[in-house]
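K.L.:
First the structure, then my questions, so here it is.
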Amino acid sequence: MDKIKKSILFFVVICLFACLSNAKTFYANGHPEVKQVALTFDDGPGKATKRVLEILEEKNVKATFFMLGVRVENDTETAKEVAAAGHEIANHTYEHVNFYSYNAADKMSIMEREISQAKKIIKDMVGVDTYLMRFPYGYSKPDGLEAAQKQGYYVINWSFGMDWEDVSAQEMHIKYKQAIKNGAIFLMHDLSKNDKILSFLRDFIDEIRAEGYEIVTVSELLNLKQKI
Ligand SMILES: [Zn+2]
């Protein structure tokens, strides 16, 4: 009987350890008791990036930009402007493969290549050594986390985002505002013209602050540093 109890205890400890080590790689929100939020912009640098930068500068906000390797190659100057303005740059893979629907035998190696290619391009062209990443479509299955972890990355998803949905800017603004909470990570995009987000980003920043929240980068929100 003792032996069985010991085995069960051993199993529980191993499971707990596995869960905790996973939790250290994957995040979708910050601390539930801290009045801080982070703004994140995906898929750029793109057509909306410069206007997003202007608004962030005007409001003195630092955000986190999850960039695609292929976009950094195509618009290196804008990527450099984002870095020079003091924003945080993170890896959003090379060319936005949807790993939820990619089931070929080489999935793991493609995932690793998607991460490493973007990592190298951002490092070589922008001079930033990224350690935060987000998979396209928020892929967060164990194989993805493993591929990210191998290259020293934390995987960051979001607590709220819907700027791709076919709703009015007004409705979108209301929904983003309703999602303000402790530790929120807001997802937005700067790839296309994205007029809807741009039409209320200024007001949204004011509303976040009026509710007593500080706007910080993802690494500040989660208290993360580059893994050694
Ligand atoms: Zn994306």
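Ligands are numbered from 1 in the order shown, residues from 1 within each chain, and chains are lettered A, B, ... in the order they appear in the structure tokens.
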Might you pull out every residue within 7 Å of Ile156 in chain A, with only C-alpha atoms counted and same-chain residues fewer than 3 positions away left off, and present them as a PyMOL selection string?
P.N.:
chain A and resi 26-28+132-134
K.L.:
From a DSSP pass on the backbone, collect the residues of range 17-209 of chain A flagged as strand (DSSP E) and hand them back as a PyMOL selection string.
P.N.:
chain A and resi 26-27+36-42+64-67+88-91+132-133+154-156+185-189
K.L.:
Using only C-alpha atoms and all ligand atoms, find each residue of chain A with at least one atom at most 12 Å away from an atom of ligand 1; report its shortest atom-to-atom pair and that distance in Å (one decimal), sort the rows by chain and rising residue number, and return the result as CSV.
P.N.:
```
residue,atom,partner,partner_atom_place_in_ligand_line,distance
A:Thr40,CA,ligand 1,1 (Zn),11.0
A:Phe41,CA,ligand 1,1 (Zn),8.9
A:Asp42,CA,ligand 1,1 (Zn),5.3
A:Asp43,CA,ligand 1,1 (Zn),4.8
A:Gly44,CA,ligand 1,1 (Zn),8.6
A:Pro45,CA,ligand 1,1 (Zn),11.4
A:Gly46,CA,ligand 1,1 (Zn),11.8
A:Phe65,CA,ligand 1,1 (Zn),10.8
A:Phe66,CA,ligand 1,1 (Zn),8.0
A:Met67,CA,ligand 1,1 (Zn),8.4
A:Leu68,CA,ligand 1,1 (Zn),7.9
A:Gly69,CA,ligand 1,1 (Zn),11.5
A:Arg71,CA,ligand 1,1 (Zn),11.4
A:Ala90,CA,ligand 1,1 (Zn),11.9
A:Asn91,CA,ligand 1,1 (Zn),10.3
A:His92,CA,ligand 1,1 (Zn),6.7
A:Thr93,CA,ligand 1,1 (Zn),8.8
A:Tyr94,CA,ligand 1,1 (Zn),10.4
A:Glu95,CA,ligand 1,1 (Zn),9.2
A:His96,CA,ligand 1,1 (Zn),6.3
A:Val97,CA,ligand 1,1 (Zn),9.1
A:Asn98,CA,ligand 1,1 (Zn),9.2
A:Phe99,CA,ligand 1,1 (Zn),11.9
A:Met133,CA,ligand 1,1 (Zn),10.9
A:Arg134,CA,ligand 1,1 (Zn),8.1
A:Phe135,CA,ligand 1,1 (Zn),7.2
A:Pro136,CA,ligand 1,1 (Zn),4.4
A:Tyr137,CA,ligand 1,1 (Zn),6.0
A:Gly138,CA,ligand 1,1 (Zn),8.0
A:Tyr139,CA,ligand 1,1 (Zn),10.2
A:Asn157,CA,ligand 1,1 (Zn),10.8
A:Trp158,CA,ligand 1,1 (Zn),11.9
A:Gly161,CA,ligand 1,1 (Zn),11.5
A:Asp163,CA,ligand 1,1 (Zn),11.7
A:Trp164,CA,ligand 1,1 (Zn),10.5
A:Leu187,CA,ligand 1,1 (Zn),9.7
A:Met188,CA,ligand 1,1 (Zn),9.4
A:His189,CA,ligand 1,1 (Zn),7.7
A:Asp190,CA,ligand 1,1 (Zn),9.9
A:Leu191,CA,ligand 1,1 (Zn),8.9
A:Ser192,CA,ligand 1,1 (Zn),11.6
```
K.L.:
List the neighbours of Thr25 in chain A out to 10 Å using only C-alpha atoms; skip same-chain residues closer than 4 positions along the sequence, and give me the result as a ChimeraX atom specification.
P.N.:
/A:20-21,132,145-146,148-149,152-156
K.L.:
Please identify which residues in chain A DSSP calls alpha helix (DSSP H) from the backbone, and express them as number ranges by chain.
P.N.:
A: 2-23, 49-59, 69-74, 76-84, 107-121, 142-150, 169-178, 195-210, 218-222
K.L.:
Quick one: residues within 8 Å of Lys59 in chain A, only C-alpha atoms, excluding same-chain residues fewer than 3 positions away - as a short mmCIF file (atom, residue, chain, number, x, y, z; two decimals) with all heavy atoms, in the first residue's frame?
P.N.:
```
data_model
loop_
_atom_site.label_atom_id
_atom_site.label_comp_id
_atom_site.auth_asym_id
_atom_site.auth_seq_id
_atom_site.Cartn_x
_atom_site.Cartn_y
_atom_site.Cartn_z
N ILE A 55 0.85 57.79 -32.69
CA ILE A 55 -0.10 57.85 -31.55
C ILE A 55 0.59 57.45 -30.25
O ILE A 55 0.43 58.10 -29.22
CB ILE A 55 -1.33 56.95 -31.83
CG1 ILE A 55 -2.12 57.50 -33.03
CG2 ILE A 55 -2.22 56.84 -30.59
CD1 ILE A 55 -3.21 56.57 -33.57
N LEU A 56 1.41 56.40 -30.31
CA LEU A 56 2.09 55.93 -29.10
C LEU A 56 3.06 57.00 -28.58
O LEU A 56 3.19 57.21 -27.37
CB LEU A 56 2.84 54.62 -29.37
CG LEU A 56 1.96 53.41 -29.74
CD1 LEU A 56 2.84 52.19 -30.01
CD2 LEU A 56 0.94 53.08 -28.66
N ARG A 202 -6.13 56.38 -29.58
CA ARG A 202 -5.86 57.50 -28.67
C ARG A 202 -6.81 57.49 -27.48
O ARG A 202 -6.40 57.57 -26.33
CB ARG A 202 -6.09 58.83 -29.39
CG ARG A 202 -4.90 59.35 -30.11
CD ARG A 202 -5.16 60.78 -30.63
NE ARG A 202 -4.06 61.16 -31.49
CZ ARG A 202 -4.00 60.81 -32.77
NH1 ARG A 202 -4.97 60.11 -33.33
NH2 ARG A 202 -2.95 61.17 -33.49
N ILE A 205 -6.26 54.55 -25.05
CA ILE A 205 -5.13 54.76 -24.14
C ILE A 205 -5.56 55.67 -22.98
O ILE A 205 -5.28 55.39 -21.81
CB ILE A 205 -3.93 55.35 -24.92
CG1 ILE A 205 -3.32 54.28 -25.83
CG2 ILE A 205 -2.88 55.92 -23.96
CD1 ILE A 205 -2.31 54.79 -26.85
#
```
K.L.:
Distance CA of Leu39 in chain A-CA of Ile174 in chain A, one decimal place?
P.N.:
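Rounded to one decimal, the two atoms are 16.1 Å apart.
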K.L.:
May I ask which of the residues A:Met111, A:Ile122, A:Leu201, A:Met162 is the closest one to Val82 in chain A, counting only C-alpha atoms?
P.N.:
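Ranked by minimum distance to Val82 in chain A, first place goes to A:Ile122.
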K.L.:
Residues at most 12 Å from Lys62 in chain A, counting only C-alpha atoms, excluding those fewer than 4 positions away in the same chain, as a PDB file with all heavy atoms, in the first residue's frame?
P.N.:
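result.pdb, freshly written:
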```pdb
ATOM      1  N   VAL A  37      -1.501  46.979 -17.852  1.00  0.00           N
ATOM      2  CA  VAL A  37      -1.910  46.284 -19.083  1.00  0.00           C
ATOM      3  C   VAL A  37      -0.818  46.503 -20.138  1.00  0.00           C
ATOM      4  O   VAL A  37       0.000  47.408 -20.025  1.00  0.00           O
ATOM      5  CB  VAL A  37      -3.269  46.783 -19.634  1.00  0.00           C
ATOM      6  CG1 VAL A  37      -4.359  46.756 -18.576  1.00  0.00           C
ATOM      7  CG2 VAL A  37      -3.149  48.181 -20.241  1.00  0.00           C
ATOM      8  N   ALA A  38      -0.831  45.647 -21.172  1.00  0.00           N
ATOM      9  CA  ALA A  38       0.130  45.795 -22.272  1.00  0.00           C
ATOM     10  C   ALA A  38      -0.623  45.860 -23.599  1.00  0.00           C
ATOM     11  O   ALA A  38      -1.620  45.158 -23.795  1.00  0.00           O
ATOM     12  CB  ALA A  38       1.108  44.623 -22.273  1.00  0.00           C
ATOM     13  N   LEU A  39      -0.119  46.713 -24.495  1.00  0.00           N
ATOM     14  CA  LEU A  39      -0.672  46.784 -25.858  1.00  0.00           C
ATOM     15  C   LEU A  39       0.285  46.047 -26.789  1.00  0.00           C
ATOM     16  O   LEU A  39       1.494  46.288 -26.756  1.00  0.00           O
ATOM     17  CB  LEU A  39      -0.789  48.240 -26.323  1.00  0.00           C
ATOM     18  CG  LEU A  39      -1.606  49.196 -25.441  1.00  0.00           C
ATOM     19  CD1 LEU A  39      -1.660  50.581 -26.085  1.00  0.00           C
ATOM     20  CD2 LEU A  39      -3.021  48.660 -25.221  1.00  0.00           C
ATOM     21  N   THR A  40      -0.237  45.142 -27.628  1.00  0.00           N
ATOM     22  CA  THR A  40       0.623  44.403 -28.558  1.00  0.00           C
ATOM     23  C   THR A  40       0.089  44.550 -29.981  1.00  0.00           C
ATOM     24  O   THR A  40      -1.123  44.590 -30.203  1.00  0.00           O
ATOM     25  CB  THR A  40       0.727  42.908 -28.180  1.00  0.00           C
ATOM     26  OG1 THR A  40      -0.515  42.246 -28.432  1.00  0.00           O
ATOM     27  CG2 THR A  40       1.100  42.718 -26.717  1.00  0.00           C
ATOM     28  N   PHE A  41       1.029  44.642 -30.929  1.00  0.00           N
ATOM     29  CA  PHE A  41       0.682  44.809 -32.347  1.00  0.00           C
ATOM     30  C   PHE A  41       1.352  43.710 -33.149  1.00  0.00           C
ATOM     31  O   PHE A  41       2.574  43.542 -33.085  1.00  0.00           O
ATOM     32  CB  PHE A  41       1.137  46.196 -32.837  1.00  0.00           C
ATOM     33  CG  PHE A  41       0.415  47.325 -32.148  1.00  0.00           C
ATOM     34  CD1 PHE A  41       0.923  47.870 -30.976  1.00  0.00           C
ATOM     35  CD2 PHE A  41      -0.788  47.795 -32.646  1.00  0.00           C
ATOM     36  CE1 PHE A  41       0.244  48.896 -30.321  1.00  0.00           C
ATOM     37  CE2 PHE A  41      -1.473  48.812 -32.003  1.00  0.00           C
ATOM     38  CZ  PHE A  41      -0.959  49.365 -30.837  1.00  0.00           C
ATOM     39  N   VAL A  52       0.542  54.126 -35.970  1.00  0.00           N
ATOM     40  CA  VAL A  52       0.512  53.595 -34.600  1.00  0.00           C
ATOM     41  C   VAL A  52       1.655  54.231 -33.792  1.00  0.00           C
ATOM     42  O   VAL A  52       1.454  54.684 -32.662  1.00  0.00           O
ATOM     43  CB  VAL A  52       0.635  52.041 -34.602  1.00  0.00           C
ATOM     44  CG1 VAL A  52       0.900  51.509 -33.194  1.00  0.00           C
ATOM     45  CG2 VAL A  52      -0.631  51.402 -35.170  1.00  0.00           C
ATOM     46  N   LEU A  53       2.830  54.305 -34.398  1.00  0.00           N
ATOM     47  CA  LEU A  53       3.993  54.903 -33.710  1.00  0.00           C
ATOM     48  C   LEU A  53       3.727  56.352 -33.323  1.00  0.00           C
ATOM     49  O   LEU A  53       4.084  56.785 -32.230  1.00  0.00           O
ATOM     50  CB  LEU A  53       5.239  54.842 -34.602  1.00  0.00           C
ATOM     51  CG  LEU A  53       5.912  53.474 -34.775  1.00  0.00           C
ATOM     52  CD1 LEU A  53       7.139  53.602 -35.664  1.00  0.00           C
ATOM     53  CD2 LEU A  53       6.289  52.853 -33.438  1.00  0.00           C
ATOM     54  N   GLU A  54       3.080  57.094 -34.229  1.00  0.00           N
ATOM     55  CA  GLU A  54       2.780  58.507 -33.933  1.00  0.00           C
ATOM     56  C   GLU A  54       1.868  58.628 -32.707  1.00  0.00           C
ATOM     57  O   GLU A  54       2.092  59.454 -31.831  1.00  0.00           O
ATOM     58  CB  GLU A  54       2.071  59.161 -35.129  1.00  0.00           C
ATOM     59  CG  GLU A  54       3.000  59.510 -36.280  1.00  0.00           C
ATOM     60  CD  GLU A  54       2.247  59.829 -37.574  1.00  0.00           C
ATOM     61  OE1 GLU A  54       1.008  60.095 -37.525  1.00  0.00           O
ATOM     62  OE2 GLU A  54       2.905  59.793 -38.623  1.00  0.00           O
ATOM     63  N   ILE A  55       0.849  57.793 -32.687  1.00  0.00           N
ATOM     64  CA  ILE A  55      -0.102  57.853 -31.555  1.00  0.00           C
ATOM     65  C   ILE A  55       0.590  57.450 -30.250  1.00  0.00           C
ATOM     66  O   ILE A  55       0.432  58.104 -29.217  1.00  0.00           O
ATOM     67  CB  ILE A  55      -1.330  56.948 -31.835  1.00  0.00           C
ATOM     68  CG1 ILE A  55      -2.115  57.496 -33.025  1.00  0.00           C
ATOM     69  CG2 ILE A  55      -2.219  56.836 -30.589  1.00  0.00           C
ATOM     70  CD1 ILE A  55      -3.207  56.566 -33.570  1.00  0.00           C
ATOM     71  N   LEU A  56       1.408  56.399 -30.312  1.00  0.00           N
ATOM     72  CA  LEU A  56       2.094  55.930 -29.100  1.00  0.00           C
ATOM     73  C   LEU A  56       3.064  57.003 -28.582  1.00  0.00           C
ATOM     74  O   LEU A  56       3.192  57.207 -27.371  1.00  0.00           O
ATOM     75  CB  LEU A  56       2.838  54.623 -29.373  1.00  0.00           C
ATOM     76  CG  LEU A  56       1.965  53.407 -29.744  1.00  0.00           C
ATOM     77  CD1 LEU A  56       2.841  52.187 -30.012  1.00  0.00           C
ATOM     78  CD2 LEU A  56       0.936  53.084 -28.656  1.00  0.00           C
ATOM     79  N   GLU A  57       3.705  57.687 -29.523  1.00  0.00           N
ATOM     80  CA  GLU A  57       4.645  58.734 -29.105  1.00  0.00           C
ATOM     81  C   GLU A  57       3.894  59.904 -28.464  1.00  0.00           C
ATOM     82  O   GLU A  57       4.280  60.405 -27.411  1.00  0.00           O
ATOM     83  CB  GLU A  57       5.462  59.217 -30.313  1.00  0.00           C
ATOM     84  CG  GLU A  57       6.607  60.116 -29.859  1.00  0.00           C
ATOM     85  CD  GLU A  57       7.373  60.747 -31.008  1.00  0.00           C
ATOM     86  OE1 GLU A  57       7.142  60.348 -32.166  1.00  0.00           O
ATOM     87  OE2 GLU A  57       8.186  61.640 -30.729  1.00  0.00           O
ATOM     88  N   GLU A  58       2.803  60.285 -29.124  1.00  0.00           N
ATOM     89  CA  GLU A  58       1.989  61.387 -28.606  1.00  0.00           C
ATOM     90  C   GLU A  58       1.495  61.087 -27.187  1.00  0.00           C
ATOM     91  O   GLU A  58       1.449  61.966 -26.338  1.00  0.00           O
ATOM     92  CB  GLU A  58       0.793  61.554 -29.559  1.00  0.00           C
ATOM     93  CG  GLU A  58      -0.134  62.684 -29.244  1.00  0.00           C
ATOM     94  CD  GLU A  58      -1.415  62.555 -30.081  1.00  0.00           C
ATOM     95  OE1 GLU A  58      -1.311  62.296 -31.298  1.00  0.00           O
ATOM     96  OE2 GLU A  58      -2.509  62.678 -29.493  1.00  0.00           O
ATOM     97  N   VAL A  82      10.580  51.396 -35.159  1.00  0.00           N
ATOM     98  CA  VAL A  82       9.863  50.877 -33.976  1.00  0.00           C
ATOM     99  C   VAL A  82      10.865  50.670 -32.838  1.00  0.00           C
ATOM    100  O   VAL A  82      10.629  51.080 -31.693  1.00  0.00           O
ATOM    101  CB  VAL A  82       9.144  49.545 -34.308  1.00  0.00           C
ATOM    102  CG1 VAL A  82       8.487  48.953 -33.058  1.00  0.00           C
ATOM    103  CG2 VAL A  82       8.104  49.747 -35.411  1.00  0.00           C
ATOM    104  N   ALA A  83      11.999  50.074 -33.171  1.00  0.00           N
ATOM    105  CA  ALA A  83      13.029  49.812 -32.152  1.00  0.00           C
ATOM    106  C   ALA A  83      13.604  51.121 -31.621  1.00  0.00           C
ATOM    107  O   ALA A  83      13.760  51.298 -30.408  1.00  0.00           O
ATOM    108  CB  ALA A  83      14.130  48.944 -32.742  1.00  0.00           C
ATOM    109  N   ALA A  84      13.871  52.072 -32.539  1.00  0.00           N
ATOM    110  CA  ALA A  84      14.482  53.339 -32.140  1.00  0.00           C
ATOM    111  C   ALA A  84      13.555  54.148 -31.230  1.00  0.00           C
ATOM    112  O   ALA A  84      14.015  54.929 -30.398  1.00  0.00           O
ATOM    113  CB  ALA A  84      14.837  54.156 -33.380  1.00  0.00           C
ATOM    114  N   ALA A  85      12.239  53.937 -31.384  1.00  0.00           N
ATOM    115  CA  ALA A  85      11.273  54.669 -30.549  1.00  0.00           C
ATOM    116  C   ALA A  85      11.156  54.039 -29.153  1.00  0.00           C
ATOM    117  O   ALA A  85      10.380  54.504 -28.322  1.00  0.00           O
ATOM    118  CB  ALA A  85       9.913  54.690 -31.236  1.00  0.00           C
ATOM    119  N   GLY A  86      11.908  52.973 -28.914  1.00  0.00           N
ATOM    120  CA  GLY A  86      11.931  52.371 -27.580  1.00  0.00           C
ATOM    121  C   GLY A  86      10.870  51.317 -27.330  1.00  0.00           C
ATOM    122  O   GLY A  86      10.641  50.917 -26.188  1.00  0.00           O
ATOM    123  N   HIS A  87      10.213  50.864 -28.380  1.00  0.00           N
ATOM    124  CA  HIS A  87       9.201  49.821 -28.187  1.00  0.00           C
ATOM    125  C   HIS A  87       9.878  48.456 -28.120  1.00  0.00           C
ATOM    126  O   HIS A  87      11.026  48.288 -28.540  1.00  0.00           O
ATOM    127  CB  HIS A  87       8.182  49.857 -29.331  1.00  0.00           C
ATOM    128  CG  HIS A  87       7.446  51.159 -29.398  1.00  0.00           C
ATOM    129  ND1 HIS A  87       6.539  51.538 -28.425  1.00  0.00           N
ATOM    130  CD2 HIS A  87       7.522  52.186 -30.280  1.00  0.00           C
ATOM    131  CE1 HIS A  87       6.093  52.747 -28.720  1.00  0.00           C
ATOM    132  NE2 HIS A  87       6.673  53.164 -29.838  1.00  0.00           N
ATOM    133  N   GLU A  88       9.137  47.498 -27.611  1.00  0.00           N
ATOM    134  CA  GLU A  88       9.667  46.140 -27.495  1.00  0.00           C
ATOM    135  C   GLU A  88       9.367  45.373 -28.784  1.00  0.00           C
ATOM    136  O   GLU A  88       8.257  45.464 -29.314  1.00  0.00           O
ATOM    137  CB  GLU A  88       8.970  45.465 -26.312  1.00  0.00           C
ATOM    138  CG  GLU A  88       9.425  44.054 -26.062  1.00  0.00           C
ATOM    139  CD  GLU A  88       9.064  43.629 -24.646  1.00  0.00           C
ATOM    140  OE1 GLU A  88       7.854  43.614 -24.307  1.00  0.00           O
ATOM    141  OE2 GLU A  88      10.002  43.329 -23.875  1.00  0.00           O
ATOM    142  N   ILE A  89      10.372  44.656 -29.271  1.00  0.00           N
ATOM    143  CA  ILE A  89      10.166  43.877 -30.498  1.00  0.00           C
ATOM    144  C   ILE A  89      10.205  42.402 -30.168  1.00  0.00           C
ATOM    145  O   ILE A  89      11.086  41.930 -29.435  1.00  0.00           O
ATOM    146  CB  ILE A  89      11.217  44.264 -31.562  1.00  0.00           C
ATOM    147  CG1 ILE A  89      10.966  45.718 -31.984  1.00  0.00           C
ATOM    148  CG2 ILE A  89      11.134  43.323 -32.767  1.00  0.00           C
ATOM    149  CD1 ILE A  89      11.840  46.228 -33.072  1.00  0.00           C
ATOM    150  N   ILE A 205      -6.263  54.548 -25.045  1.00  0.00           N
ATOM    151  CA  ILE A 205      -5.126  54.760 -24.137  1.00  0.00           C
ATOM    152  C   ILE A 205      -5.556  55.673 -22.977  1.00  0.00           C
ATOM    153  O   ILE A 205      -5.284  55.389 -21.812  1.00  0.00           O
ATOM    154  CB  ILE A 205      -3.927  55.352 -24.917  1.00  0.00           C
ATOM    155  CG1 ILE A 205      -3.319  54.276 -25.828  1.00  0.00           C
ATOM    156  CG2 ILE A 205      -2.878  55.918 -23.959  1.00  0.00           C
ATOM    157  CD1 ILE A 205      -2.312  54.792 -26.852  1.00  0.00           C
ATOM    158  N   GLU A 214      -1.608  51.341 -15.514  1.00  0.00           N
ATOM    159  CA  GLU A 214      -0.353  51.728 -16.162  1.00  0.00           C
ATOM    160  C   GLU A 214      -0.217  50.876 -17.425  1.00  0.00           C
ATOM    161  O   GLU A 214      -0.538  49.682 -17.412  1.00  0.00           O
ATOM    162  CB  GLU A 214       0.794  51.424 -15.193  1.00  0.00           C
ATOM    163  CG  GLU A 214       2.135  51.948 -15.642  1.00  0.00           C
ATOM    164  CD  GLU A 214       3.288  51.455 -14.756  1.00  0.00           C
ATOM    165  OE1 GLU A 214       3.039  50.687 -13.795  1.00  0.00           O
ATOM    166  OE2 GLU A 214       4.426  51.823 -15.057  1.00  0.00           O
ATOM    167  N   ILE A 215       0.263  51.494 -18.514  1.00  0.00           N
ATOM    168  CA  ILE A 215       0.488  50.734 -19.754  1.00  0.00           C
ATOM    169  C   ILE A 215       1.980  50.432 -19.868  1.00  0.00           C
ATOM    170  O   ILE A 215       2.804  51.353 -19.875  1.00  0.00           O
ATOM    171  CB  ILE A 215       0.004  51.511 -20.995  1.00  0.00           C
ATOM    172  CG1 ILE A 215      -1.481  51.888 -20.825  1.00  0.00           C
ATOM    173  CG2 ILE A 215       0.203  50.676 -22.266  1.00  0.00           C
ATOM    174  CD1 ILE A 215      -2.022  52.809 -21.922  1.00  0.00           C
ATOM    175  N   VAL A 216       2.304  49.145 -19.938  1.00  0.00           N
ATOM    176  CA  VAL A 216       3.714  48.720 -19.949  1.00  0.00           C
ATOM    177  C   VAL A 216       3.949  47.740 -21.104  1.00  0.00           C
ATOM    178  O   VAL A 216       3.004  47.292 -21.760  1.00  0.00           O
ATOM    179  CB  VAL A 216       4.089  48.044 -18.599  1.00  0.00           C
ATOM    180  CG1 VAL A 216       3.987  49.033 -17.446  1.00  0.00           C
ATOM    181  CG2 VAL A 216       3.208  46.812 -18.334  1.00  0.00           C
ATOM    182  N   THR A 217       5.212  47.398 -21.335  1.00  0.00           N
ATOM    183  CA  THR A 217       5.506  46.388 -22.358  1.00  0.00           C
ATOM    184  C   THR A 217       5.194  44.996 -21.792  1.00  0.00           C
ATOM    185  O   THR A 217       5.020  44.832 -20.569  1.00  0.00           O
ATOM    186  CB  THR A 217       6.990  46.428 -22.762  1.00  0.00           C
ATOM    187  OG1 THR A 217       7.774  46.145 -21.601  1.00  0.00           O
ATOM    188  CG2 THR A 217       7.375  47.779 -23.347  1.00  0.00           C
ATOM    189  N   VAL A 218       5.174  44.007 -22.666  1.00  0.00           N
ATOM    190  CA  VAL A 218       4.877  42.642 -22.211  1.00  0.00           C
ATOM    191  C   VAL A 218       5.933  42.150 -21.216  1.00  0.00           C
ATOM    192  O   VAL A 218       5.603  41.545 -20.191  1.00  0.00           O
ATOM    193  CB  VAL A 218       4.776  41.678 -23.422  1.00  0.00           C
ATOM    194  CG1 VAL A 218       4.765  40.226 -22.967  1.00  0.00           C
ATOM    195  CG2 VAL A 218       3.518  41.986 -24.230  1.00  0.00           C
ATOM    196  N   SER A 219       7.206  42.431 -21.498  1.00  0.00           N
ATOM    197  CA  SER A 219       8.245  41.947 -20.571  1.00  0.00           C
ATOM    198  C   SER A 219       8.113  42.603 -19.201  1.00  0.00           C
ATOM    199  O   SER A 219       8.384  41.965 -18.179  1.00  0.00           O
ATOM    200  CB  SER A 219       9.647  42.152 -21.153  1.00  0.00           C
ATOM    201  OG  SER A 219       9.893  43.513 -21.342  1.00  0.00           O
ATOM    202  N   GLU A 220       7.665  43.860 -19.182  1.00  0.00           N
ATOM    203  CA  GLU A 220       7.444  44.521 -17.886  1.00  0.00           C
ATOM    204  C   GLU A 220       6.215  43.950 -17.192  1.00  0.00           C
ATOM    205  O   GLU A 220       6.231  43.698 -15.987  1.00  0.00           O
ATOM    206  CB  GLU A 220       7.255  46.029 -18.089  1.00  0.00           C
ATOM    207  CG  GLU A 220       8.550  46.747 -18.469  1.00  0.00           C
ATOM    208  CD  GLU A 220       8.326  48.188 -18.907  1.00  0.00           C
ATOM    209  OE1 GLU A 220       7.275  48.484 -19.532  1.00  0.00           O
ATOM    210  OE2 GLU A 220       9.207  49.003 -18.648  1.00  0.00           O
ATOM    211  N   LEU A 221       5.166  43.731 -17.970  1.00  0.00           N
ATOM    212  CA  LEU A 221       3.923  43.195 -17.406  1.00  0.00           C
ATOM    213  C   LEU A 221       4.167  41.829 -16.750  1.00  0.00           C
ATOM    214  O   LEU A 221       3.621  41.526 -15.689  1.00  0.00           O
ATOM    215  CB  LEU A 221       2.876  43.047 -18.509  1.00  0.00           C
ATOM    216  CG  LEU A 221       1.492  42.582 -18.072  1.00  0.00           C
ATOM    217  CD1 LEU A 221       0.675  43.757 -17.536  1.00  0.00           C
ATOM    218  CD2 LEU A 221       0.722  41.933 -19.221  1.00  0.00           C
TER     219      LEU A 221
END
```
K.L.:
Do you know which residues are at most 8 Å from Phe160 in chain A counting only C-alpha atoms, after dropping those on the same chain fewer than 5 positions away, and could you put them as number ranges by chain?
P.N.:
A: 176, 179, 184-187
K.L.:
Output the selection as a PDB file, in the first residue's frame - C-alpha atoms for each residue.
P.N.:
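Result went into result-v9.pdb, see below:
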```
ATOM      1  CA  TYR A 176     -11.775  46.693 -26.144  1.00  0.00           C
ATOM      2  CA  ALA A 179     -11.848  44.123 -21.649  1.00  0.00           C
ATOM      3  CA  ALA A 184      -4.659  42.456 -19.701  1.00  0.00           C
ATOM      4  CA  ILE A 185      -2.679  41.824 -22.892  1.00  0.00           C
ATOM      5  CA  PHE A 186      -4.441  43.497 -25.815  1.00  0.00           C
ATOM      6  CA  LEU A 187      -3.905  42.149 -29.319  1.00  0.00           C
TER       7      LEU A 187
END
```
K.L.:
Just the residues within 12 Å of Lys107 in chain A, please, counting only C-alpha atoms, with nothing from its chain fewer than 4 positions along; format it as a list in words.
P.N.:
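Using only C-alpha atoms, the neighbours found are Val97, Asn98, Phe99, Tyr100, Ser101, Tyr102, Asn103, Met111, Glu112, Arg113, Glu114, Asp143, Gly144 and Ala147 of chain A.
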K.L.:
By how many Å are CA of His173 in chain A and CA of Thr49 in chain A apart?
P.N.:
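Distance reported for this atom pair: 19.0 Å.
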K.L.:
So the first atom is CA of Ile197 in chain A and the second is CA of Asn60 in chain A; what is the distance between them in Å, to one decimal place?
P.N.:
17.6 Å
K.L.:
Which residue gives the smallest distance to Glu33 in chain A among A:Asn182, A:Asn223, A:Gln117, A:Thr130, with only C-alpha atoms counted?
P.N.:
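Of the candidates, the smallest distance to Glu33 in chain A is held by A:Asn182.
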